[in-house]
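As stored in model29.txt (compact mmCIF, C-alpha atoms and all ligand atoms):
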```txt
# COMPACT_ATOMS: atom_id res chain seq x y z
CA MET A 404 97.54 110.77 -27.32
CA ALA A 405 98.49 109.70 -23.82
CA LYS A 406 98.09 106.77 -21.50
CA VAL A 407 96.42 107.50 -18.19
CA MET A 408 95.72 105.17 -15.29
CA ALA A 409 92.43 105.23 -13.38
CA VAL A 410 92.80 103.83 -9.87
CA ASN A 411 90.22 102.78 -7.30
CA ALA A 412 91.92 101.72 -4.07
CA GLY A 413 89.79 100.15 -1.35
CA SER A 414 90.84 98.92 2.07
CA SER A 415 91.85 95.50 0.74
CA SER A 416 91.70 95.95 -3.01
CA LEU A 417 93.13 98.00 -5.83
CA LYS A 418 91.26 98.24 -9.13
CA PHE A 419 92.91 99.79 -12.16
CA LYS A 420 92.20 100.60 -15.79
CA LEU A 421 94.76 101.94 -18.23
CA PHE A 422 93.27 104.15 -20.95
CA GLU A 423 94.53 105.59 -24.20
CA MET A 424 93.24 109.15 -24.18
CA PRO A 425 91.50 111.08 -25.58
CA GLU A 426 90.13 108.02 -27.47
CA GLU A 427 88.99 106.50 -24.16
CA LYS A 428 90.26 103.13 -25.33
CA VAL A 429 90.83 100.62 -22.52
CA ILE A 430 94.33 99.14 -22.88
CA CYS A 431 94.15 96.89 -19.86
CA SER A 432 92.30 96.55 -16.58
CA GLY A 433 92.56 94.50 -13.45
CA LEU A 434 92.36 94.07 -9.76
CA ALA A 435 94.50 93.18 -6.76
CA ASP A 436 92.08 91.67 -4.27
CA ARG A 437 92.48 90.46 -0.67
CA ILE A 438 95.46 92.79 -0.11
CA GLY A 439 96.98 92.01 3.29
CA HIS A 440 96.57 88.24 2.78
CA LYS A 441 98.97 85.49 1.77
CA ASP A 442 96.42 84.22 -0.74
CA ALA A 443 95.65 87.52 -2.43
CA ILE A 444 94.53 87.49 -6.07
CA PHE A 445 96.03 89.56 -8.85
CA THR A 446 94.09 89.72 -12.11
CA ILE A 447 94.98 91.58 -15.28
CA LYS A 448 93.00 91.67 -18.52
CA TYR A 449 94.58 92.81 -21.79
CA ASN A 450 94.24 91.99 -25.49
CA GLY A 451 91.27 89.77 -24.79
CA LYS A 452 93.37 87.68 -22.36
CA LYS A 453 92.93 87.31 -18.63
CA ASP A 454 95.76 86.34 -16.26
CA GLU A 455 94.99 85.48 -12.66
CA LYS A 456 97.50 84.66 -9.93
CA VAL A 457 97.10 83.79 -6.27
CA LEU A 458 100.04 85.10 -4.26
CA PRO A 459 100.87 87.03 -1.09
CA ILE A 460 100.17 90.77 -1.48
CA LEU A 461 100.79 92.23 1.92
CA ASP A 462 100.22 95.92 1.15
CA HIS A 463 99.09 98.37 -1.51
CA SER A 464 102.68 99.29 -2.44
CA TYR A 465 103.28 95.71 -3.47
CA ALA A 466 100.01 95.64 -5.42
CA VAL A 467 101.14 98.72 -7.36
CA LYS A 468 104.56 97.15 -7.99
CA LEU A 469 102.91 93.95 -9.28
CA LEU A 470 100.69 95.96 -11.59
CA LEU A 471 103.48 98.12 -13.03
CA ASP A 472 105.82 95.10 -13.42
CA ALA A 473 103.03 93.23 -15.23
CA LEU A 474 102.50 96.14 -17.65
CA ILE A 475 106.18 96.01 -18.66
CA LYS A 476 106.57 92.21 -18.61
CA LYS A 477 103.51 91.65 -20.77
CA GLY A 478 104.68 94.31 -23.22
CA ILE A 479 101.57 96.45 -22.57
CA ILE A 480 103.91 99.43 -22.15
CA LYS A 481 107.66 99.67 -22.75
CA SER A 482 108.46 102.07 -19.93
CA LEU A 483 106.66 103.56 -16.95
CA ASN A 484 107.19 107.00 -18.51
CA GLU A 485 104.39 106.12 -20.91
CA ILE A 486 101.90 106.61 -18.07
CA LYS A 487 101.36 110.35 -18.33
CA ALA A 488 98.82 110.86 -15.55
CA THR A 489 96.94 108.97 -12.87
CA GLY A 490 93.42 109.54 -11.54
CA HIS A 491 92.29 108.32 -8.14
CA ARG A 492 88.75 107.70 -6.96
CA ILE A 493 88.08 109.37 -3.61
CA VAL A 494 84.78 108.61 -1.87
CA GLN A 495 84.55 111.66 0.38
CA GLY A 496 85.50 115.17 -0.73
CA GLY A 497 83.48 116.87 2.01
CA LYS A 498 82.75 120.56 1.66
CA TYR A 499 86.11 121.18 0.01
CA PHE A 500 85.69 119.72 -3.44
CA SER A 501 82.95 120.46 -5.96
CA LYS A 502 85.13 119.15 -8.78
CA SER A 503 88.21 117.02 -9.27
CA ALA A 504 91.48 118.41 -7.89
CA GLU A 505 95.13 117.99 -8.68
CA PHE A 506 96.92 116.01 -6.00
CA ASN A 507 99.24 118.25 -3.99
CA LYS A 508 99.99 118.68 -0.29
CA ASP A 509 96.79 120.66 0.30
CA THR A 510 94.55 118.13 -1.51
CA GLU A 511 96.17 115.29 0.41
CA LYS A 512 95.72 117.10 3.72
CA LYS A 513 92.04 117.77 3.05
CA ILE A 514 91.36 114.15 2.01
CA GLU A 515 93.13 113.02 5.16
CA SER A 516 91.06 115.36 7.33
CA LEU A 517 87.90 113.73 5.90
CA ILE A 518 88.85 110.21 7.02
CA PRO A 519 86.42 110.34 9.99
CA LEU A 520 83.56 110.85 7.48
CA ALA A 521 84.63 107.89 5.31
CA PRO A 522 86.79 105.68 7.55
CA LEU A 523 86.71 102.65 5.26
CA HIS A 524 87.51 104.59 2.13
CA ASN A 525 89.51 107.82 2.29
CA GLY A 526 92.41 106.27 4.21
CA ALA A 527 92.66 103.44 1.68
CA HIS A 528 92.49 105.86 -1.26
CA LEU A 529 95.45 107.77 0.16
CA VAL A 530 97.44 104.58 0.67
CA GLY A 531 96.78 103.73 -2.99
CA PHE A 532 97.71 107.21 -4.18
CA ARG A 533 100.94 107.22 -2.15
CA ALA A 534 101.93 103.80 -3.48
CA PHE A 535 101.66 105.19 -7.04
CA LYS A 536 103.42 108.41 -6.07
CA LYS A 537 106.42 106.43 -4.81
CA VAL A 538 106.93 104.78 -8.19
CA LEU A 539 105.78 107.65 -10.42
CA PRO A 540 106.83 110.70 -8.38
CA ASN A 541 106.61 113.22 -11.22
CA THR A 542 103.45 111.97 -12.91
CA PRO A 543 100.52 114.38 -12.48
CA ALA A 544 97.74 112.87 -10.38
CA VAL A 545 94.14 113.93 -9.94
CA ALA A 546 91.65 113.17 -7.17
CA VAL A 547 88.11 112.46 -8.42
CA PHE A 548 85.46 112.67 -5.70
CA ASP A 549 82.25 110.64 -5.39
CA THR A 550 80.70 113.61 -3.60
CA ALA A 551 81.71 116.41 -6.00
CA PHE A 552 78.70 116.15 -8.35
CA HIS A 553 76.33 116.53 -5.39
CA GLN A 554 77.83 119.79 -4.19
CA SER A 555 75.32 121.69 -6.33
CA MET A 556 72.45 120.77 -3.96
CA SER A 557 70.75 123.69 -2.26
CA GLU A 558 71.00 124.25 1.48
CA GLU A 559 67.54 122.87 2.25
CA ASP A 560 68.37 119.71 0.31
CA TYR A 561 71.63 119.03 2.10
CA THR A 562 70.98 120.27 5.63
CA PHE A 563 69.68 117.77 8.20
CA PRO A 564 67.19 119.15 10.74
CA ILE A 565 69.49 118.69 13.74
CA PRO A 566 70.66 121.65 15.89
CA TYR A 567 72.29 123.95 13.38
CA GLU A 568 75.43 124.44 15.46
CA TYR A 569 76.16 120.70 15.14
CA SER A 570 75.80 120.87 11.38
CA LYS A 571 78.30 123.72 11.30
CA LYS A 572 80.72 122.52 13.95
CA TYR A 573 81.02 118.96 12.63
CA ASP A 574 80.28 119.56 8.93
CA ILE A 575 77.27 117.26 9.13
CA ARG A 576 75.21 117.40 5.94
CA ARG A 577 74.09 115.29 3.01
CA TYR A 578 77.16 114.66 0.85
CA GLY A 579 75.78 111.77 -1.19
CA ALA A 580 77.93 109.29 -3.10
CA HIS A 581 78.16 107.63 -6.55
CA GLY A 582 78.42 111.20 -7.89
CA THR A 583 80.92 110.24 -10.58
CA SER A 584 78.50 107.59 -11.82
CA HIS A 585 75.43 109.86 -11.77
CA GLN A 586 77.34 112.58 -13.59
CA TYR A 587 78.57 110.12 -16.22
CA LEU A 588 75.03 108.80 -16.72
CA SER A 589 73.55 112.28 -17.10
CA LEU A 590 76.19 113.22 -19.69
CA GLU A 591 75.59 110.00 -21.63
CA ALA A 592 71.86 110.73 -21.51
CA LYS A 593 72.19 114.03 -23.39
CA LYS A 594 71.39 112.35 -26.69
CA TYR A 595 67.95 111.36 -25.39
CA LEU A 596 67.12 114.89 -24.29
CA LYS A 597 67.76 116.93 -27.42
CA GLY A 598 65.46 119.92 -27.77
CA ILE A 599 64.37 119.87 -24.11
CA LYS A 600 65.12 123.23 -22.52
CA HIS A 601 65.68 122.22 -18.90
CA PRO A 602 66.10 118.44 -18.89
CA LYS A 603 64.95 116.60 -15.76
CA ILE A 604 66.56 113.25 -15.05
CA ILE A 605 66.08 110.68 -12.31
CA SER A 606 69.17 108.50 -12.27
CA CYS A 607 69.00 105.12 -10.48
CA HIS A 608 72.40 103.59 -9.65
CA LEU A 609 71.26 100.22 -8.33
CA GLY A 610 74.19 98.02 -7.34
CA SER A 611 75.03 96.40 -4.04
CA GLY A 612 75.41 100.02 -2.95
CA ALA A 613 72.50 101.95 -4.45
CA SER A 614 71.48 105.57 -4.81
CA ILE A 615 69.02 107.71 -6.74
CA THR A 616 69.74 111.25 -7.89
CA ALA A 617 67.51 114.05 -9.19
CA ILE A 618 69.29 115.99 -11.92
CA LYS A 619 68.15 119.22 -13.55
CA ASP A 620 70.10 120.91 -16.35
CA TYR A 621 72.78 118.24 -15.79
CA LYS A 622 73.30 119.38 -12.19
CA CYS A 623 72.42 117.40 -9.08
CA VAL A 624 69.53 118.89 -7.11
CA ALA A 625 68.95 116.00 -4.69
CA THR A 626 70.43 112.60 -3.93
CA SER A 627 69.39 109.72 -1.71
CA MET A 628 72.62 108.89 0.13
CA GLY A 629 73.32 111.09 3.10
CA LEU A 630 76.24 111.97 5.33
CA THR A 631 77.60 108.57 4.34
CA PRO A 632 76.44 105.87 1.88
CA LEU A 633 74.25 104.38 4.63
CA GLY A 634 71.35 106.70 3.82
CA GLY A 635 68.70 106.52 1.10
CA ILE A 636 67.19 103.39 -0.43
CA MET A 637 67.64 99.90 0.98
CA MET A 638 70.79 98.18 -0.33
CA GLY A 639 72.58 94.81 -0.34
CA THR A 640 73.64 95.08 3.32
CA ARG A 641 72.73 98.68 4.27
CA THR A 642 69.48 99.84 5.78
CA GLY A 643 69.08 103.07 3.84
CA ASP A 644 66.78 105.59 5.58
CA ILE A 645 65.16 104.41 8.81
CA ASP A 646 63.62 106.15 11.78
CA PRO A 647 66.77 107.21 13.72
CA SER A 648 65.23 106.06 16.99
CA VAL A 649 65.59 102.43 15.81
CA PHE A 650 69.30 102.91 16.38
CA ASN A 651 68.99 103.91 20.01
CA TYR A 652 66.31 101.35 20.72
CA LEU A 653 68.46 98.56 19.27
CA VAL A 654 71.39 99.59 21.47
CA THR A 655 69.07 99.35 24.49
CA CYS A 656 67.43 96.04 23.49
CA THR A 657 70.50 94.14 22.32
CA LYS A 658 73.00 95.65 24.81
CA LYS A 659 75.38 95.91 21.86
CA SER A 660 77.50 99.04 21.57
CA ALA A 661 76.52 101.92 19.28
CA GLU A 662 79.45 100.98 17.04
CA GLU A 663 78.26 97.36 16.79
CA ILE A 664 74.75 98.45 15.82
CA TYR A 665 76.19 100.90 13.32
CA GLN A 666 78.19 98.04 11.75
CA ILE A 667 75.05 95.88 11.65
CA MET A 668 73.18 98.68 9.87
CA ASN A 669 76.00 98.89 7.32
CA LYS A 670 76.92 95.24 6.83
CA LYS A 671 74.13 92.99 8.03
CA SER A 672 70.95 94.81 6.99
CA GLY A 673 69.24 95.53 3.68
CA PHE A 674 68.59 92.53 1.41
CA LEU A 675 70.79 90.37 3.61
CA GLY A 676 69.22 91.36 6.90
CA VAL A 677 65.58 91.17 5.84
CA SER A 678 65.87 87.95 3.80
CA GLY A 679 68.47 86.13 5.89
CA VAL A 680 69.49 84.66 2.53
CA SER A 681 72.04 86.89 0.81
CA ASN A 682 73.02 90.43 -0.07
CA ASP A 683 72.92 89.52 -3.76
CA SER A 684 69.67 90.27 -5.55
CA ARG A 685 70.12 87.20 -7.77
CA ASP A 686 69.93 84.96 -4.69
CA ILE A 687 66.94 86.91 -3.41
CA ILE A 688 65.04 86.37 -6.67
CA ALA A 689 65.92 82.66 -6.63
CA ALA A 690 64.80 82.27 -3.00
CA GLU A 691 61.61 84.21 -3.68
CA LYS A 692 60.81 81.85 -6.57
CA LYS A 693 61.13 78.93 -4.15
CA GLY A 694 58.56 80.57 -1.88
CA ASN A 695 60.87 82.18 0.68
CA LYS A 696 58.66 84.78 2.36
CA ARG A 697 61.46 86.89 3.79
CA ALA A 698 63.14 87.11 0.40
CA HIS A 699 59.80 88.25 -1.02
CA LEU A 700 59.48 90.85 1.73
CA ALA A 701 63.05 92.10 1.06
CA ASN A 702 62.12 92.68 -2.57
CA LEU A 703 58.86 94.41 -1.64
CA ILE A 704 60.72 96.81 0.66
CA PHE A 705 63.36 97.49 -2.00
CA PHE A 706 60.75 98.30 -4.66
CA ARG A 707 58.82 100.47 -2.20
CA ARG A 708 61.93 102.50 -1.34
CA VAL A 709 62.97 102.96 -4.96
CA LEU A 710 59.45 104.04 -5.94
CA ASP A 711 59.21 106.41 -2.98
CA TYR A 712 62.40 108.16 -4.03
CA ILE A 713 61.40 108.35 -7.69
CA GLY A 714 58.06 109.85 -6.65
CA GLN A 715 59.78 112.31 -4.34
CA TYR A 716 62.20 113.38 -7.05
CA TYR A 717 59.45 113.69 -9.65
CA VAL A 718 57.91 116.30 -7.37
CA ARG A 719 61.29 117.84 -6.52
CA LEU A 720 62.10 118.28 -10.22
CA GLY A 721 58.59 119.34 -11.20
CA GLY A 722 58.37 116.43 -13.64
CA CYS A 723 60.78 114.05 -15.31
CA ASP A 724 61.98 113.59 -18.90
CA LEU A 725 64.17 110.55 -18.40
CA ILE A 726 64.69 107.73 -15.90
CA ILE A 727 68.04 105.95 -16.06
CA PHE A 728 68.81 102.47 -14.72
CA SER A 729 72.43 101.53 -14.09
CA ALA A 730 74.94 99.49 -11.99
CA GLY A 731 74.79 95.75 -11.13
CA ILE A 732 71.04 95.41 -10.60
CA GLY A 733 69.96 98.19 -12.97
CA GLU A 734 72.11 96.89 -15.82
CA ASN A 735 71.56 93.17 -15.41
CA SER A 736 68.18 92.49 -13.91
CA ASP A 737 65.19 92.80 -16.21
CA ILE A 738 63.00 91.65 -13.30
CA TYR A 739 63.92 94.61 -11.08
CA ARG A 740 63.65 97.09 -13.95
CA GLU A 741 60.24 95.74 -14.91
CA LYS A 742 58.88 95.76 -11.34
CA ILE A 743 60.02 99.33 -10.77
CA CYS A 744 58.53 100.55 -14.06
CA GLU A 745 55.24 98.74 -13.34
CA GLY A 746 55.12 100.58 -10.03
CA LEU A 747 55.35 103.88 -11.89
CA LYS A 748 52.66 103.06 -14.44
CA GLU A 749 49.52 104.24 -12.70
CA SER A 750 50.94 107.43 -11.21
CA LEU A 751 53.48 108.60 -13.79
CA GLY A 752 52.36 106.81 -16.94
CA VAL A 753 55.60 104.85 -17.34
CA VAL A 754 55.18 101.97 -19.79
CA ILE A 755 57.98 99.46 -20.20
CA ASN A 756 58.71 97.68 -23.46
CA LYS A 757 58.84 94.13 -22.10
CA LYS A 758 60.21 92.67 -25.29
CA VAL A 759 63.27 94.91 -25.23
CA ASN A 760 63.70 94.80 -21.45
CA THR A 761 63.53 91.04 -20.95
CA THR A 762 66.61 90.17 -22.96
CA LEU A 763 68.66 93.24 -22.13
CA ARG A 764 71.88 92.84 -20.08
CA GLY A 765 74.53 95.50 -19.64
CA LYS A 766 73.86 97.26 -22.94
CA GLU A 767 72.58 100.76 -23.51
CA ALA A 768 69.01 100.88 -24.80
CA ILE A 769 65.67 102.62 -24.43
CA ILE A 770 63.46 100.23 -22.47
CA SER A 771 60.24 102.23 -22.35
CA ASP A 772 57.43 101.85 -24.85
CA LYS A 773 56.58 104.66 -27.28
CA SER A 774 53.39 105.26 -25.30
CA SER A 775 55.33 105.89 -22.07
CA LYS A 776 54.98 109.39 -20.61
CA ILE A 777 58.58 109.24 -19.41
CA LYS A 778 61.44 107.75 -21.41
CA VAL A 779 63.33 105.02 -19.54
CA VAL A 780 66.84 103.96 -20.54
CA LEU A 781 69.48 101.49 -19.43
CA ILE A 782 72.96 103.01 -19.49
CA PRO A 783 75.93 100.99 -18.19
CA THR A 784 77.90 103.23 -15.87
CA ASP A 785 81.61 103.91 -16.25
CA GLU A 786 83.21 105.69 -13.33
CA GLU A 787 86.71 104.84 -14.54
CA VAL A 788 86.34 106.70 -17.81
CA MET A 789 85.27 109.80 -15.86
CA ILE A 790 88.43 109.47 -13.76
CA ALA A 791 90.52 109.04 -16.92
CA ARG A 792 88.88 112.12 -18.49
CA ASP A 793 89.81 114.26 -15.48
CA ALA A 794 93.35 112.86 -15.39
CA TYR A 795 93.72 113.68 -19.09
CA ALA A 796 92.30 117.18 -18.57
CA LEU A 797 94.90 117.80 -15.86
CA LEU A 798 97.64 116.55 -18.16
CA LYS A 799 96.53 118.90 -20.95
CA LYS A 800 96.53 121.82 -18.50
CA LYS A 801 100.07 120.93 -17.41
CA ARG A 802 101.30 120.70 -20.98
CA LYS A 803 100.06 124.20 -21.85
P1 LIG B 1 78.99 97.60 -6.23
O1 LIG B 1 79.82 98.34 -7.27
O2 LIG B 1 78.20 98.50 -5.35
O3 LIG B 1 79.72 96.52 -5.51
P2 LIG B 1 77.61 96.51 -8.53
O4 LIG B 1 77.12 97.70 -9.24
O5 LIG B 1 78.74 95.75 -9.13
O6 LIG B 1 77.86 96.83 -7.00
O7 LIG B 1 76.37 95.53 -8.33
C1 LIG B 1 76.53 94.27 -7.76
C2 LIG B 1 75.16 93.69 -7.54
O8 LIG B 1 74.45 93.63 -8.78
C3 LIG B 1 75.19 92.26 -7.04
O9 LIG B 1 75.28 92.21 -5.65
C4 LIG B 1 73.85 91.74 -7.50
O10 LIG B 1 72.93 92.02 -6.49
C5 LIG B 1 73.48 92.60 -8.69
N1 LIG B 1 73.42 91.82 -9.93
C6 LIG B 1 74.39 91.56 -10.80
N2 LIG B 1 73.93 90.80 -11.83
C7 LIG B 1 72.61 90.62 -11.61
C8 LIG B 1 71.55 89.92 -12.28
N3 LIG B 1 71.76 89.28 -13.42
N4 LIG B 1 70.32 89.94 -11.71
C9 LIG B 1 70.09 90.58 -10.57
N5 LIG B 1 71.04 91.25 -9.89
C10 LIG B 1 72.28 91.26 -10.39
```

This entry written out as structure tokens:
Amino acid sequence: MAKVMAVNAGSSSLKFKLFEMPEEKVICSGLADRIGHKDAIFTIKYNGKKDEKVLPILDHSYAVKLLLDALIKKGIIKSLNEIKATGHRIVQGGKYFSKSAEFNKDTEKKIESLIPLAPLHNGAHLVGFRAFKKVLPNTPAVAVFDTAFHQSMSEEDYTFPIPYEYSKKYDIRRYGAHGTSHQYLSLEAKKYLKGIKHPKIISCHLGSGASITAIKDYKCVATSMGLTPLGGIMMGTRTGDIDPSVFNYLVTCTKKSAEEIYQIMNKKSGFLGVSGVSNDSRDIIAAEKKGNKRAHLANLIFFRRVLDYIGQYYVRLGGCDLIIFSAGIGENSDIYREKICEGLKESLGVVINKKVNTTLRGKEAIISDKSSKIKVVLIPTDEEVMIARDAYALLKKKRK
């Protein structure tokens, strides 16, 4: 038995979950949010209790100190030595990492070199890792990459049709994201695929960031996000795939800089941009119910994009045995699940069990009817447990 800490450091936040491994029992979890502000928020959940404090947290080092002090003060652990390994989520692993890697100088250098590909993320992940390293210098640490699961794509799936020398010189290719989630979901789905020789899965991670992955034999063959998480289906604030000439034309029309338009495509588009209401699908549904036409259009585009990708991946896989819904929208919204399944009825023979689907929130269940040609399931995702598993695997290797 060993306690391991899963860490997800963002530019202004630090999420954590302490696990007892190998049981995968969550001992405590929490979040330091609004790091860099005087009114930052520190939340910790343990033993069914939740403590929340508003206080200045000016950097990640202080957030880590708060967290570790809280663990001791609240009697969750007696000494920091009880934390035997840490695992850190890293968004971009580039061409270097097709699986998790122990943190050492080389790993750190490679993650650092990938900052231009994930400017909002990789830098923050390193700050988080270094803050932990300062306090727990001898504790083994593992880097778990969002892109690693997608490294099994074939060259024609990951290469963009731009001049080849650019692809090579600048490492431009489809890297995808949410890989840890898609891999977790495919592993959890094994129980639904017993007896199938080469299982074909289409995994839909539909949160405020959203991606769809085609998985064969538990390996990724195609994924919707591209060089960065901007590609693929429409999302809360991101465009997803669009004709690239829209970018240039917008720069010309608006006289905004390329960087400004790029930010608009990342932060002001998608549900938010089309509806003008919100990036949150709950608000979109509410506005649509009140007759808001743009909210209705935002939903129509979202469904269209999701269905297009599922159709594409059905062909790519040569069929499909299982469709998985997960993440914020996929886990909580029966309306979105139902609409998507209805859209797959005529072409793929998907039949949803409305009775099961309507009341289902955040709990694993089969949501398709017995008559459905493809089984459809809801599986809540758990990226942290994947990080904890890899941290524990590293620890076991070290102990040998
Ligand atoms: P991320 O991790 O990308 O921030 P999440 O997976 O947590 O996103 O998903 C958050 C999104 O899930 C919210 O923006 C909201 O759109 C959606 N969501 C959560 N609950 C519901 C619900 N009950 N109905 C519809 N959408 C929901």

Using atom O6 of ligand LIG 1 (chain B) and atom CA of A:Asp785 as the two end points, give the distance in Å to one decimal. 12.2 Å

Cut-off 9 Å: closest chain A/ligand LIG 1 (chain B) atom pairs per residue, using all atoms listed in the file, as CSV:
```
residue,atom,partner,partner_atom,distance
A:His608,CA,B:LIG1,O4,7.6
A:Leu609,CA,B:LIG1,O4,6.4
A:Gly610,CA,B:LIG1,O7,3.5
A:Ser611,CA,B:LIG1,O2,4.0
A:Gly612,CA,B:LIG1,O2,4.0
A:Ala613,CA,B:LIG1,O2,6.7
A:Met638,CA,B:LIG1,O2,9.0
A:Gly639,CA,B:LIG1,O9,6.5
A:Ser681,CA,B:LIG1,O10,9.0
A:Asn682,CA,B:LIG1,O9,6.3
A:Asp683,CA,B:LIG1,O10,3.7
A:Ser684,CA,B:LIG1,O10,3.8
A:Arg685,CA,B:LIG1,C9,4.4
A:Asp686,CA,B:LIG1,O10,7.9
A:Ile687,CA,B:LIG1,O10,8.5
A:Ile688,CA,B:LIG1,C9,7.6
A:Ser729,CA,B:LIG1,O4,7.8
A:Ala730,CA,B:LIG1,O4,3.9
A:Gly731,CA,B:LIG1,O8,3.2
A:Ile732,CA,B:LIG1,C5,4.2
A:Gly733,CA,B:LIG1,O8,7.6
A:Glu734,CA,B:LIG1,N2,7.5
A:Asn735,CA,B:LIG1,N3,4.4
A:Ser736,CA,B:LIG1,N4,4.0
A:Asp737,CA,B:LIG1,N4,7.4
A:Ile738,CA,B:LIG1,C9,7.7
A:Tyr739,CA,B:LIG1,C9,7.4
A:Arg764,CA,B:LIG1,N3,7.6
A:Thr784,CA,B:LIG1,O4,8.7
```

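Pairwise distance (atom CA of A:Gln586, atom CA of A:Lys766) equals 18.3 Å.
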
Proximity check stretch 603-682 of chain A to stretch 560-570 of chain A, 10 Å, nearest pairs one decimal Å, only C-alpha atoms, as JSON lines:
```
{"residue": "A:Val624", "atom": "CA", "partner": "A:Asp560", "partner_atom": "CA", "distance": 7.6}
{"residue": "A:Ala625", "atom": "CA", "partner": "A:Asp560", "partner_atom": "CA", "distance": 6.3}
{"residue": "A:Thr626", "atom": "CA", "partner": "A:Asp560", "partner_atom": "CA", "distance": 8.5}
{"residue": "A:Gly629", "atom": "CA", "partner": "A:Tyr561", "partner_atom": "CA", "distance": 8.2}
{"residue": "A:Leu630", "atom": "CA", "partner": "A:Tyr561", "partner_atom": "CA", "distance": 9.0}
```

Looking at all atoms listed in the file, which of A:Lys452, A:Lys593, A:Lys512, A:His528 is the one that sits closest to A:Leu417? A:His528

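Excluding stretch 656-671 of chain A itself and any same-chain residue fewer than 6 positions from it, the protein and nucleic acid residues within 12 Å of it, counting all atoms listed in the file, are A:Leu523, A:Ser611, A:Gly612, A:Thr631, A:Pro632, A:Leu633, A:Gly634, A:Met637, A:Met638, A:Gly639, A:Thr640, A:Arg641, A:Thr642, A:Gly643, A:Asp644, A:Ile645, A:Pro647, A:Val649, A:Phe650, A:Val677, A:Ser678, A:Gly679, A:Val680, A:Ser681, A:Asn682.
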
Contact residues around A:Asp772 with only C-alpha atoms at 7 Å, ignoring same-chain residues under 6 positions, as a ChimeraX atom specification: /A:754-756

Taking only C-alpha atoms into account, which of A:Lys597, A:Lys778, A:Arg708, A:Lys448 comes nearest A:Ile479?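 Nearest candidate to A:Ile479 out of A:Lys597, A:Lys778, A:Arg708, A:Lys448: A:Lys448.
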
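Checking A:Ile493, A:Leu590, A:Pro602, A:Lys428 one by one against A:Thr510, counting all atoms listed in the file, you find the shortest gap at A:Ile493.
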